[in-house]
There are 2 protein chains.
Amino acid sequence: MTDENPLLDDRQVDFLLHDVFDAAALCRLPAFTDHSRDTFDLFMNMARKLARNVLFPSYRLMDAEAAHFDGRGVITHPRMREIYPQLAELGVISATRPLDVDGQQLPMTVSCLAQLYLMAGNLSAYGFAMLTSGAAHLIESFGSTALKRDYMAPMYAGRWTGTMALTEPQAGSSLADVQTKATPTADGHYLISGNKVFISGGDHNFADNIVHLALARIEGAPAGTAGISLFVVPKRRIEDGKLVDNDAACAGAFHKLGWRGIPSIALSFGERGDCHGYLLGEPNRGLSYMFQMMNEARLYIGIHGVATASVAYQEPLSYAKNRPQGRKLGQKQDTPPVMIIEHADVRRMLLRQKAIVEGAMSLVVATARYVDLSEHATDEAERAHARVMLDLLTPIAKTFPAEKGYESNALAVQIHGGYGYTSEYLPEAWLRDQKLNSIHEGTTGIQSADLLGRKLGKLGQASMTALHREVRQTLDAARAHGVDAMLCDGLEQALTRVTAVLIKITAERDPERMLSHSVDVMDMFSTFIIAWQWLVQLTAAQPKLRTAPDDDFLRGKQACAQYWFRTELPRIDQLATLIESLEDSYLSAKPAWF
Amino acid sequence: MTDENPLLDDRQVDFLLHDVFDAAALCRLPAFTDHSRDTFDLFMNMARKLARNVLFPSYRLMDAEAAHFDGRGVITHPRMREIYPQLAELGVISATRPLDVDGQQLPMTVSCLAQLYLMAGNLSAYGFAMLTSGAAHLIESFGSTALKRDYMAPMYAGRWTGTMALTEPQAGSSLADVQTKATPTADGHYLISGNKVFISGGDHNFADNIVHLALARIEGAPAGTAGISLFVVPKRRIEDGKLVDNDAACAGAFHKLGWRGIPSIALSFGERGDCHGYLLGEPNRGLSYMFQMMNEARLYIGIHGVATASVAYQEPLSYAKNRPQGRKLGQKQDTPPVMIIEHADVRRMLLRQKAIVEGAMSLVVATARYVDLSEHATDEAERAHARVMLDLLTPIAKTFPAEKGYESNALAVQIHGGYGYTSEYLPEAWLRDQKLNSIHEGTTGIQSADLLGRKLGKLGQASMTALHREVRQTLDAARAHGVDAMLCDGLEQALTRVTAVLIKITAERDPERMLSHSVDVMDMFSTFIIAWQWLVQLTAAQPKLRTAPDDDFLRGKQACAQYWFRTELPRIDQLATLIESLEDSYLSAKPAWF
């Protein structure tokens with residue numbers, strides 16, 4: 001059964017790509033004139049095929065025979081030697097990068113849907129490509145011509161891989177405490193020494209080199225984040241045209257709950273005093289450069305979350321349609337059992353999964369579209385508007401799939417009953433995978449503080465003005481198309497409520513009190529944003545429903561929208577009241593009270 | 001650090017045992033006159049010690065080196081050979097059973113708190129004892145003198161173990177479809193043939209025999225649940241005073257997400273046509289007998305859920321007090337980092353855990369007390385009242401710890417950050433363990449249908465009358481002691497709201513519509529019940545607060561109660577509105593819409 005899992009619903013992907021977000025319209029922008037609906041579909045089909053035929057069949061193997069440290073380095077699953085060149089061949093590593101670095105110059109709108117297939121098929125395998133893409137992009141943005149030639153090009157070409165090396169044992173959420181040292185030398189490079197932990201993809205044995213983009217502190221630099229610089233620290237450096245060991249060694253691998261095909265390692269720079277690092281850009285600006293990668297990575301994690309939730313929705317959907325168990329209420333015990341999808345509570349779980357998965361999928365594609373517009377729209381005002389929307393939505397696009405996706409993944413286990421708890425079925429593996437997404441690339445607490453403190457607090461007026469404009473556009477279109485007035489009114493009222501509570505809360509002078517309900521604000525705000533995305537989808541579905549009122553796919557959209565607006569959206573009121581009250585139980589609690 | 005995990009907060013246990021539920025008062029009942037506060041405390045201390053010194057140090061080992069099938073039988077961890085006799089020695093297998101079967105005749109109120117330590121220490125190891133206790137109790141209740149002597153006595157004595165063998169590949173939630181066959185013989189026994197799955201503790205190599213309490217269908221029995229009988233089917237049967245193989249063989253073990261120290265196996269009865277089964281009680285009444293064990297098991301699963309959530313609350317609590325990371329808002333980056341418990345969002349997660357764990361702990365002890373009163377109260381009316389309360393609370397005591405406990409377990413991982421995702425720390429293991437509790441012994445969907453359909457529907461008036469009586473008593477006591485009037489009024493209003501929605505919903509004539517929001521009713525109702533338990537605890541704390549207003553433990557109680565009443569209790573309104581609306585998105589959705 002699992003081999004037949006489609007990973008994503010193709011019609012949903014086409015619906016988002018063409019009907020909801022009109023990707024072909026992007027081809028009017030100068031950056032994308034070489035593309036068309038046909039080239040988008042071609043890329044999507046190749047990604048689908050690779051995900052289904054190559055990545056997914058290796059998923060369970062790579063989970064069961066996890067990447068591991070053998071005392072010298074990390075041994076990844078042998079399948080990676082076949083998979084990685086095929087990912088490179090597809091061009092995903094540089095899909096959105098410009099032609100002049102041998103990229104495909106595809107819109108992120110398109111690329112992110114293709115990535116969903118690849119991540120849903122095998123998130124660990126794709127993880128290497130994702131990290132490589134982010135690392136290479138940093139060199140592309142801030143590196144010298146030599147660094148681009150020597151280190152970026154082989155990564156985009158898929159010959160080498162890359163990582164982001166930020167975290168240290170004492171500096172996880174708090175990057176101000178990075179201690180890794182960089183000592184300048186007369187030769188232009190720096191000598192790096194220090195220890196990094198949780199470096200995903202930090203070592204492997206399927207490609208020739210690994211390029212770490214590492215945060216370190218140049219001797220004498222100021223304390224805190226103002227003294228952090230960004231370095232290219234390869235596993236093997238180039239000397240006289242050859243690769244030589246660069247004293248950047250794997251010191252061990254963590255045993256993880258999930259993502260078992262890609263290692264998370266401890267990395268030791270300069271144990272022999274011979275670890276060369278190449279400064280990227282200017283000294284002490286490392287953290288601001290790294291934000292480019294971190295922002296990209298946040299969206300990627302959101303896409304990961306959606307992908308993992310999607311494949312884990314398709315699995316119980318198929319199971320529920322084929323597993324006989326029990327009878328409908330009132331049926332006699334000597335009648336044959338029905339398929340479990342006939343039971344209302346199983347349908348409840350499936351519809352909840354579907355509403356989360358497809359709502360979140362719409363959100364990540366919407367966010368990806370703002371990436372495209374913020375970089376490539378011809379009008380400066382439109383670019384600025386897209387940038388504001390991107391900044392606002394990024395922490396939500398990262399967190400909602402991680403948190404609600406996890407809940408959806410747990411439902412996938414639940415629908416499988418006792419079997420779901422065993423490794424004879426796949427949902428338990430996806431549940432383990434999903435849990436990481438609320439932790440890495442900024443925890444849910446950090447994303448929530450970013451949303452409330454920065455996006456809604458400091459930048460609040462601009463964010464809310466931009467959001468109001470977008471939501472009003474959706475409402476106008478929805479009403480013009482005749483979408484259910486109850487839903488339109490519901491969203492409008494929710495916008496008013498959310499806006500009111502944000503105005504009230506951001507006026508609070510004590511920053512600790514103001515931020516004490518950040519996670520509730522995230523919950524409230526993302527519930528609203530997903531409702532908005534459901535109305536966006538329904539607006540695209542509405543004209544089609546007129547000619548095909550019994551179309552199953554479109555009816556499913558209506559059912560999900562109804563579910564979200566009547567089950568989830570009303571939670572906003574209760575959350576708003578709680579947030580406004582600044583309820584202080586945990587803020588006031590002393591450590592000894594626990 | 002993990003070796004210092006106390007598993008449970010001793011003061012919380014003493015508080016519940018003596019201050020909240022006044023266990024010593026039970027000694028006035030004839031069944032418990034041999035006991036006293038001293039014997040209760042003695043038993044509790046022995047259980048604590050065994051849990052901390054023997055069970056917990058083996059937990060990670062038994063998780064890492066899981067019980068497994070070697071082709072002939074299940075190999076359990078060698079530590080079980082030391083642990084099981086010590087559990088027997090403590091007397092937990094027959095702790096609540098009468099003296100005449102060599103039990104300790106302890107109240108369940110006391111036993112359940114002792115079990116919490118043992119389960120928190122090592123749920124797999126204790127699982128064997130729990131299952132044995134339930135199986136032996138069935139023979140005690142319904143078996144002949146010979147069966148008691150031959151099969152019950154060695155189980156209570158801790159020489160053998162027992163299981164409940166209900167599930168079959170086609171009959172999990174739907175026991176009506178049990179197909180295992182029992183053919184009568186002239187010798188009085190039956191020949192059993194069939195296959196069972198998911199039999200916890202179904203095989204092992206640390207004791208001489210395993211006694212399965214198995215559901216089977218006597219040839220010619222009616223279809224459905226009315227034709228199911230209960231049999232004693234030992235792994236080895238007694239012939240001429242010796243144990244001989246009984247053709248009840250392990251056919252394989254499932255690979256499970258958690259509970260890895262205790263196997264879940266497939267069991268094959270009668271492959272050689274030589275599997276003897278001994279009828280327990282009368283033919284065709286098996287399911288009604290089994291309900292005794294299933295009801296006990298539901299409460300035990302609730303206790304498991306609380307235990308797993310408790311040990312996984314103590315771990316991040318200690319971590320948060322000792323892990324430096326980041327600074328308070330406004331502190332400069334060159335000041336030393338603070339312990340993470342200083343961050344409001346970490347305290348939010350800890351207080352949420354504490355409110356769930358201690359609220360649920362109070363609920364399972366309250367439920368256990370109704371077990372004692374329903375069996376041993378001298379007044380028939382009081383026994384009947386306790387029985388109604390027990391029936392009402394059992395599905396909630398099973399489900400709330402499983403569902404919210406799981407959420408709490410996920411927070412334990414989250415507080416540990418990246419480390420929480422690795423097996424270097426324990427929270428990931430407890431997260432895996434906890435997930436089973438929403439599935440086995442009746443899924444959350446089944447418990448919710450039982451709560452709404454049977455306890456609040458068919459038996460609704462009696463249940464709600466009994467509950468009103470209890471809650472009013474709590475409110476009177478709380479007000480008399482001067483507990484915050486806002487909390488008292490809040491609970492009273494919630495009682496009114498919950499009652500109103502139940503009257504409305506149970507009047508719905510279409511049973512499928514009536515039950516379509518069962519899980520929401522469970523959520524609403526258990527949120528209310530836990531609020532009630534918080535008021536019960538606060539009422540016990542209030543007199544002490546007068547003399548010790550700064551006592552940390554008591555202040556913690558106040559903080560939790562405040563949190564629950566202001567964050568969770570308001571959810572009732574939104575849930576009630578949803579339930580009353582009979583929102584029909586998933587009920588109406590067709591399979592093809594998904």
# chains A, B, ... in the order shown; residues from 1 in each chain; ligands from 1
>>> select_by_dssp(residues="segment 60-240 of chain B", states="helix (DSSP H, G or I)", output="PyMOL selection string")
chain B and resi 60-64+80-90+99-101+108-121+123-142+145-156+175-177+224-227
>>> select_by_dssp(residues="segment 27-227 of chain B", states="strand (DSSP E)", output="ChimeraX atom specification")
/B:68-69,74-75,161-165,181-184,190-200,210-218
>>> write_last_selection(atoms="N, CA and C atoms", output="CSV table (one decimal), in the first residue's frame")
chain,number,residue,atom,x,y,z
B,68,HIS,N,12.5,-8.9,21.9
B,68,HIS,CA,12.5,-9.2,20.5
B,68,HIS,C,12.2,-10.7,20.3
B,69,PHE,N,11.8,-11.1,19.2
B,69,PHE,CA,11.5,-12.5,18.8
B,69,PHE,C,12.7,-13.1,18.2
B,74,VAL,N,10.1,-15.0,22.6
B,74,VAL,CA,10.5,-13.6,22.9
B,74,VAL,C,11.6,-13.6,23.9
B,75,ILE,N,12.6,-12.8,23.6
B,75,ILE,CA,13.7,-12.6,24.6
B,75,ILE,C,13.5,-11.2,25.2
B,161,THR,N,3.1,-15.0,34.7
B,161,THR,CA,2.5,-13.8,34.3
B,161,THR,C,1.2,-14.1,33.5
B,162,GLY,N,0.4,-13.0,33.3
B,162,GLY,CA,-0.8,-13.2,32.5
B,162,GLY,C,-1.0,-12.1,31.4
B,163,THR,N,-1.9,-12.4,30.6
B,163,THR,CA,-2.2,-11.4,29.5
B,163,THR,C,-3.7,-11.3,29.3
B,164,MET,N,-4.1,-10.4,28.5
B,164,MET,CA,-5.5,-10.3,28.0
B,164,MET,C,-5.4,-10.5,26.5
B,165,ALA,N,-6.0,-11.5,25.9
B,165,ALA,CA,-5.9,-11.8,24.5
B,165,ALA,C,-7.2,-11.7,23.8
B,181,LYS,N,-11.7,-20.0,17.6
B,181,LYS,CA,-12.7,-21.1,17.8
B,181,LYS,C,-12.4,-21.9,19.0
B,182,ALA,N,-13.5,-22.3,19.7
B,182,ALA,CA,-13.3,-23.2,20.9
B,182,ALA,C,-14.2,-24.4,20.6
B,183,THR,N,-13.6,-25.6,20.6
B,183,THR,CA,-14.4,-26.8,20.3
B,183,THR,C,-14.4,-27.7,21.6
B,184,PRO,N,-15.6,-28.0,22.1
B,184,PRO,CA,-15.7,-28.7,23.3
B,184,PRO,C,-15.1,-30.1,23.2
B,190,TYR,N,-11.7,-27.3,26.3
B,190,TYR,CA,-12.0,-26.9,24.9
B,190,TYR,C,-10.7,-27.0,24.1
B,191,LEU,N,-10.8,-27.2,22.8
B,191,LEU,CA,-9.7,-27.1,22.0
B,191,LEU,C,-9.8,-25.7,21.3
B,192,ILE,N,-8.7,-24.9,21.4
B,192,ILE,CA,-8.7,-23.5,20.9
B,192,ILE,C,-7.9,-23.5,19.7
B,193,SER,N,-8.5,-22.7,18.7
B,193,SER,CA,-7.7,-22.5,17.5
B,193,SER,C,-8.0,-21.1,16.9
B,194,GLY,N,-6.9,-20.4,16.6
B,194,GLY,CA,-7.1,-19.0,16.1
B,194,GLY,C,-5.9,-18.2,16.3
B,195,ASN,N,-6.0,-16.9,15.8
B,195,ASN,CA,-4.8,-16.0,15.9
B,195,ASN,C,-5.1,-14.8,16.6
B,196,LYS,N,-4.3,-14.4,17.5
B,196,LYS,CA,-4.4,-13.1,18.2
B,196,LYS,C,-3.3,-12.2,17.9
B,197,VAL,N,-3.5,-10.9,17.9
B,197,VAL,CA,-2.4,-9.9,17.6
B,197,VAL,C,-2.4,-8.9,18.7
B,198,PHE,N,-1.3,-8.2,18.8
B,198,PHE,CA,-1.1,-7.1,19.8
B,198,PHE,C,-1.2,-7.6,21.2
B,199,ILE,N,-0.7,-8.8,21.5
B,199,ILE,CA,-0.8,-9.3,22.9
B,199,ILE,C,0.4,-8.8,23.7
B,200,SER,N,0.1,-7.8,24.5
B,200,SER,CA,1.2,-7.3,25.3
B,200,SER,C,1.7,-8.3,26.4
B,210,ILE,N,2.8,-18.4,31.2
B,210,ILE,CA,2.0,-17.2,30.9
B,210,ILE,C,0.6,-17.7,30.7
B,211,VAL,N,-0.3,-17.0,31.3
B,211,VAL,CA,-1.7,-17.4,31.3
B,211,VAL,C,-2.5,-16.4,30.5
B,212,HIS,N,-3.0,-16.8,29.3
B,212,HIS,CA,-3.7,-15.9,28.5
B,212,HIS,C,-5.2,-16.0,28.8
B,213,LEU,N,-5.8,-14.8,29.0
B,213,LEU,CA,-7.3,-14.8,29.2
B,213,LEU,C,-7.8,-14.4,27.8
B,214,ALA,N,-8.4,-15.4,27.1
B,214,ALA,CA,-8.6,-15.2,25.7
B,214,ALA,C,-10.1,-15.3,25.3
B,215,LEU,N,-10.5,-14.4,24.4
B,215,LEU,CA,-11.9,-14.5,23.9
B,215,LEU,C,-11.9,-15.4,22.7
B,216,ALA,N,-12.9,-16.3,22.7
B,216,ALA,CA,-13.1,-17.2,21.6
B,216,ALA,C,-14.6,-17.5,21.5
B,217,ARG,N,-14.9,-18.2,20.4
B,217,ARG,CA,-16.3,-18.4,20.1
B,217,ARG,C,-16.5,-19.9,20.1
B,218,ILE,N,-17.4,-20.4,20.9
B,218,ILE,CA,-17.7,-21.8,21.0
B,218,ILE,C,-18.5,-22.2,19.7
>>> residues_around(residues="Ala589 of chain B", least_positions_apart="6", cutoff="9 Å", atoms="only C-alpha atoms", output="PyMOL selection string")
chain A and resi 347+351+555-556+559
>>> residues_around(residues="Asp150 of chain A", least_positions_apart="3", cutoff="12 Å", atoms="only C-alpha atoms", output="list of chain:residue names")
A:Ala136, A:Ile139, A:Glu140, A:Gly143, A:Ser144, A:Thr145, A:Ala146, A:Leu147, A:Ala153, A:Pro154, A:Met155, A:Tyr156, A:Ala157, A:Arg159, A:Trp160, A:Asn209, A:Val211, A:Val232, A:Pro234, A:Arg236, A:Arg237, A:Ile238, A:Glu239, A:Asp240, A:Gly241, A:Lys242, A:Leu243, A:Tyr278
>>> write_last_selection(atoms="N, CA, C and O atoms", output="short mmCIF file (atom, residue, chain, number, x, y, z; two decimals), in the first residue's frame")
data_model
loop_
_atom_site.label_atom_id
_atom_site.label_comp_id
_atom_site.auth_asym_id
_atom_site.auth_seq_id
_atom_site.Cartn_x
_atom_site.Cartn_y
_atom_site.Cartn_z
N ALA A 136 25.34 27.56 -0.59
CA ALA A 136 25.86 28.12 -1.85
C ALA A 136 25.29 29.52 -2.09
O ALA A 136 26.01 30.41 -2.57
N ILE A 139 27.26 32.21 -0.38
CA ILE A 139 28.48 32.60 -1.10
C ILE A 139 28.11 33.42 -2.33
O ILE A 139 28.76 34.43 -2.65
N GLU A 140 27.06 33.00 -3.03
CA GLU A 140 26.59 33.77 -4.19
C GLU A 140 26.30 35.23 -3.80
O GLU A 140 26.68 36.16 -4.53
N GLY A 143 30.01 36.43 -1.39
CA GLY A 143 31.37 35.92 -1.56
C GLY A 143 32.14 36.60 -2.67
O GLY A 143 31.55 37.21 -3.58
N SER A 144 33.44 36.46 -2.63
CA SER A 144 34.32 36.97 -3.68
C SER A 144 34.19 36.07 -4.91
O SER A 144 33.67 34.96 -4.85
N THR A 145 34.71 36.56 -6.02
CA THR A 145 34.71 35.77 -7.25
C THR A 145 35.42 34.44 -7.03
O THR A 145 34.97 33.39 -7.49
N ALA A 146 36.53 34.48 -6.28
CA ALA A 146 37.29 33.24 -6.06
C ALA A 146 36.48 32.24 -5.24
O ALA A 146 36.45 31.04 -5.54
N LEU A 147 35.81 32.73 -4.19
CA LEU A 147 35.01 31.82 -3.36
C LEU A 147 33.86 31.23 -4.17
O LEU A 147 33.51 30.05 -4.03
N ALA A 153 30.35 27.04 -6.87
CA ALA A 153 30.04 26.34 -8.13
C ALA A 153 29.92 24.82 -7.93
O ALA A 153 28.94 24.22 -8.40
N PRO A 154 30.85 24.19 -7.23
CA PRO A 154 30.71 22.73 -7.07
C PRO A 154 29.48 22.34 -6.24
O PRO A 154 28.96 21.23 -6.38
N MET A 155 29.02 23.25 -5.37
CA MET A 155 27.80 22.95 -4.61
C MET A 155 26.58 23.03 -5.51
O MET A 155 25.75 22.12 -5.54
N TYR A 156 26.44 24.13 -6.26
CA TYR A 156 25.30 24.24 -7.17
C TYR A 156 25.31 23.11 -8.21
O TYR A 156 24.26 22.66 -8.66
N ALA A 157 26.51 22.67 -8.58
CA ALA A 157 26.60 21.60 -9.58
C ALA A 157 26.26 20.23 -8.98
O ALA A 157 26.16 19.25 -9.71
N ARG A 159 28.16 18.48 -6.95
CA ARG A 159 29.31 17.62 -6.71
C ARG A 159 29.68 17.62 -5.22
O ARG A 159 30.16 16.64 -4.70
N TRP A 160 29.50 18.76 -4.57
CA TRP A 160 29.75 18.87 -3.14
C TRP A 160 28.45 19.21 -2.41
O TRP A 160 27.46 19.53 -3.03
N ASN A 209 33.27 16.63 -1.01
CA ASN A 209 33.62 17.72 -0.10
C ASN A 209 32.35 18.30 0.53
O ASN A 209 31.24 18.12 0.01
N VAL A 211 31.08 21.96 2.45
CA VAL A 211 31.44 23.35 2.70
C VAL A 211 30.57 23.89 3.83
O VAL A 211 29.35 24.04 3.67
N VAL A 232 33.61 30.72 5.31
CA VAL A 232 33.53 29.48 4.53
C VAL A 232 34.61 28.56 5.10
O VAL A 232 35.80 28.89 5.08
N PRO A 234 35.65 24.79 4.61
CA PRO A 234 35.40 23.51 3.94
C PRO A 234 35.99 22.33 4.72
O PRO A 234 36.91 22.50 5.52
N ARG A 236 37.44 19.92 3.10
CA ARG A 236 38.72 19.84 2.39
C ARG A 236 38.93 21.16 1.67
O ARG A 236 38.05 21.61 0.94
N ARG A 237 40.10 21.76 1.85
CA ARG A 237 40.34 23.03 1.18
C ARG A 237 41.15 22.78 -0.09
O ARG A 237 41.77 21.72 -0.25
N ILE A 238 41.11 23.79 -0.95
CA ILE A 238 41.81 23.66 -2.22
C ILE A 238 43.23 24.23 -2.07
O ILE A 238 43.40 25.37 -1.65
N GLU A 239 44.20 23.40 -2.34
CA GLU A 239 45.59 23.88 -2.35
C GLU A 239 46.27 23.35 -3.59
O GLU A 239 46.30 22.12 -3.80
N ASP A 240 46.80 24.27 -4.38
CA ASP A 240 47.44 23.89 -5.64
C ASP A 240 46.52 23.03 -6.49
O ASP A 240 46.94 22.00 -7.05
N GLY A 241 45.25 23.42 -6.52
CA GLY A 241 44.30 22.70 -7.37
C GLY A 241 43.86 21.36 -6.83
O GLY A 241 43.09 20.65 -7.47
N LYS A 242 44.37 21.00 -5.63
CA LYS A 242 43.95 19.71 -5.05
C LYS A 242 43.18 19.93 -3.77
O LYS A 242 43.33 20.94 -3.10
N LEU A 243 42.38 18.93 -3.41
CA LEU A 243 41.67 18.99 -2.14
C LEU A 243 42.54 18.39 -1.04
O LEU A 243 42.98 17.25 -1.15
N TYR A 278 37.58 31.15 5.31
CA TYR A 278 37.64 32.29 4.40
C TYR A 278 36.50 33.23 4.73
O TYR A 278 35.32 32.84 4.67
#
>>> closest_atom_pairs(of="chain B", to="chain A", cutoff="7 Å", atoms="only C-alpha atoms", output="JSON lines")
{"residue": "B:Gln170", "atom": "CA", "partner": "A:Gln325", "partner_atom": "CA", "distance": 7.0}
{"residue": "B:Ala171", "atom": "CA", "partner": "A:Gln325", "partner_atom": "CA", "distance": 7.0}
{"residue": "B:Ser174", "atom": "CA", "partner": "A:Gly326", "partner_atom": "CA", "distance": 5.0}
{"residue": "B:Ala176", "atom": "CA", "partner": "A:Gln333", "partner_atom": "CA", "distance": 6.6}
{"residue": "B:Ala223", "atom": "CA", "partner": "A:Asp334", "partner_atom": "CA", "distance": 6.0}
{"residue": "B:Gly224", "atom": "CA", "partner": "A:Gln333", "partner_atom": "CA", "distance": 5.1}
{"residue": "B:Phe254", "atom": "CA", "partner": "A:Thr422", "partner_atom": "CA", "distance": 6.3}
{"residue": "B:His255", "atom": "CA", "partner": "A:Thr422", "partner_atom": "CA", "distance": 5.3}
{"residue": "B:Lys256", "atom": "CA", "partner": "A:Thr422", "partner_atom": "CA", "distance": 4.4}
{"residue": "B:Leu257", "atom": "CA", "partner": "A:Tyr421", "partner_atom": "CA", "distance": 5.7}
{"residue": "B:Gln325", "atom": "CA", "partner": "A:Ser174", "partner_atom": "CA", "distance": 6.3}
{"residue": "B:Gly326", "atom": "CA", "partner": "A:Ser174", "partner_atom": "CA", "distance": 5.0}
{"residue": "B:Leu329", "atom": "CA", "partner": "A:Glu512", "partner_atom": "CA", "distance": 6.6}
{"residue": "B:Gln333", "atom": "CA", "partner": "A:Gly224", "partner_atom": "CA", "distance": 5.1}
{"residue": "B:Asp334", "atom": "CA", "partner": "A:Ala223", "partner_atom": "CA", "distance": 6.0}
{"residue": "B:Ile341", "atom": "CA", "partner": "A:Pro591", "partner_atom": "CA", "distance": 6.7}
{"residue": "B:Ala344", "atom": "CA", "partner": "A:Leu587", "partner_atom": "CA", "distance": 5.4}
{"residue": "B:Asp345", "atom": "CA", "partner": "A:Gly445", "partner_atom": "CA", "distance": 6.5}
{"residue": "B:Arg347", "atom": "CA", "partner": "A:Tyr586", "partner_atom": "CA", "distance": 5.6}
{"residue": "B:Arg348", "atom": "CA", "partner": "A:Tyr586", "partner_atom": "CA", "distance": 5.3}
{"residue": "B:Leu351", "atom": "CA", "partner": "A:Tyr586", "partner_atom": "CA", "distance": 6.3}
{"residue": "B:Gln414", "atom": "CA", "partner": "A:Ile439", "partner_atom": "CA", "distance": 6.6}
{"residue": "B:Gly417", "atom": "CA", "partner": "A:Ile439", "partner_atom": "CA", "distance": 6.0}
{"residue": "B:Gly418", "atom": "CA", "partner": "A:Ile439", "partner_atom": "CA", "distance": 6.4}
{"residue": "B:Tyr421", "atom": "CA", "partner": "A:Leu257", "partner_atom": "CA", "distance": 5.7}
{"residue": "B:Thr422", "atom": "CA", "partner": "A:Lys256", "partner_atom": "CA", "distance": 4.4}
{"residue": "B:Ser423", "atom": "CA", "partner": "A:His255", "partner_atom": "CA", "distance": 5.6}
{"residue": "B:Glu428", "atom": "CA", "partner": "A:Leu257", "partner_atom": "CA", "distance": 6.8}
{"residue": "B:Leu436", "atom": "CA", "partner": "A:Tyr421", "partner_atom": "CA", "distance": 6.7}
{"residue": "B:Ile439", "atom": "CA", "partner": "A:Gly417", "partner_atom": "CA", "distance": 6.0}
{"residue": "B:His440", "atom": "CA", "partner": "A:Gly418", "partner_atom": "CA", "distance": 6.9}
{"residue": "B:Gly445", "atom": "CA", "partner": "A:Asp345", "partner_atom": "CA", "distance": 6.5}
{"residue": "B:Glu512", "atom": "CA", "partner": "A:Leu329", "partner_atom": "CA", "distance": 6.6}
{"residue": "B:Ser516", "atom": "CA", "partner": "A:Ala344", "partner_atom": "CA", "distance": 6.0}
{"residue": "B:Asp552", "atom": "CA", "partner": "A:Trp593", "partner_atom": "CA", "distance": 4.7}
{"residue": "B:Phe553", "atom": "CA", "partner": "A:Trp593", "partner_atom": "CA", "distance": 5.7}
{"residue": "B:Arg555", "atom": "CA", "partner": "A:Trp593", "partner_atom": "CA", "distance": 6.1}
{"residue": "B:Gly556", "atom": "CA", "partner": "A:Trp593", "partner_atom": "CA", "distance": 4.4}
{"residue": "B:Ala559", "atom": "CA", "partner": "A:Ser585", "partner_atom": "CA", "distance": 5.2}
{"residue": "B:Gln562", "atom": "CA", "partner": "A:Ser585", "partner_atom": "CA", "distance": 6.3}
{"residue": "B:Tyr563", "atom": "CA", "partner": "A:Ser585", "partner_atom": "CA", "distance": 5.6}
{"residue": "B:Thr567", "atom": "CA", "partner": "A:Leu578", "partner_atom": "CA", "distance": 6.7}
{"residue": "B:Pro570", "atom": "CA", "partner": "A:Gln574", "partner_atom": "CA", "distance": 6.7}
{"residue": "B:Arg571", "atom": "CA", "partner": "A:Gln574", "partner_atom": "CA", "distance": 6.7}
{"residue": "B:Gln574", "atom": "CA", "partner": "A:Arg571", "partner_atom": "CA", "distance": 6.7}
{"residue": "B:Leu578", "atom": "CA", "partner": "A:Thr567", "partner_atom": "CA", "distance": 6.7}
{"residue": "B:Ser585", "atom": "CA", "partner": "A:Ala559", "partner_atom": "CA", "distance": 5.2}
{"residue": "B:Tyr586", "atom": "CA", "partner": "A:Arg348", "partner_atom": "CA", "distance": 5.3}
{"residue": "B:Leu587", "atom": "CA", "partner": "A:Ala344", "partner_atom": "CA", "distance": 5.5}
{"residue": "B:Ala589", "atom": "CA", "partner": "A:Ala559", "partner_atom": "CA", "distance": 6.7}
{"residue": "B:Pro591", "atom": "CA", "partner": "A:Ile341", "partner_atom": "CA", "distance": 6.7}
{"residue": "B:Ala592", "atom": "CA", "partner": "A:Asp552", "partner_atom": "CA", "distance": 5.9}
{"residue": "B:Trp593", "atom": "CA", "partner": "A:Gly556", "partner_atom": "CA", "distance": 4.4}
{"residue": "B:Phe594", "atom": "CA", "partner": "A:Gly556", "partner_atom": "CA", "distance": 5.9}
>>> residues_around(residues="segment 402-405 of chain A", least_positions_apart="4", cutoff="8 Å", atoms="only C-alpha atoms", output="PyMOL selection string")
chain A and resi 301-302+305-306+308-309+356-357+398+409+434-435+437-438
>>> write_last_selection(atoms="C-alpha atoms", output="compact mmCIF listing (two decimals), in the first residue's frame")
# COMPACT_ATOMS: atom_id res chain seq x y z
CA ILE A 301 11.30 23.97 7.33
CA GLY A 302 7.71 25.01 6.80
CA GLY A 305 6.47 20.30 7.74
CA VAL A 306 3.79 20.43 5.06
CA THR A 308 5.71 15.36 6.11
CA ALA A 309 2.11 16.06 7.04
CA ILE A 356 -4.24 21.39 8.08
CA VAL A 357 -2.22 19.99 5.17
CA LYS A 398 7.63 27.87 9.65
CA ASN A 409 0.95 13.30 11.97
CA GLN A 434 7.92 15.99 12.19
CA LYS A 435 8.84 16.63 15.84
CA ASN A 437 10.39 21.08 12.96
CA SER A 438 9.24 22.91 16.08
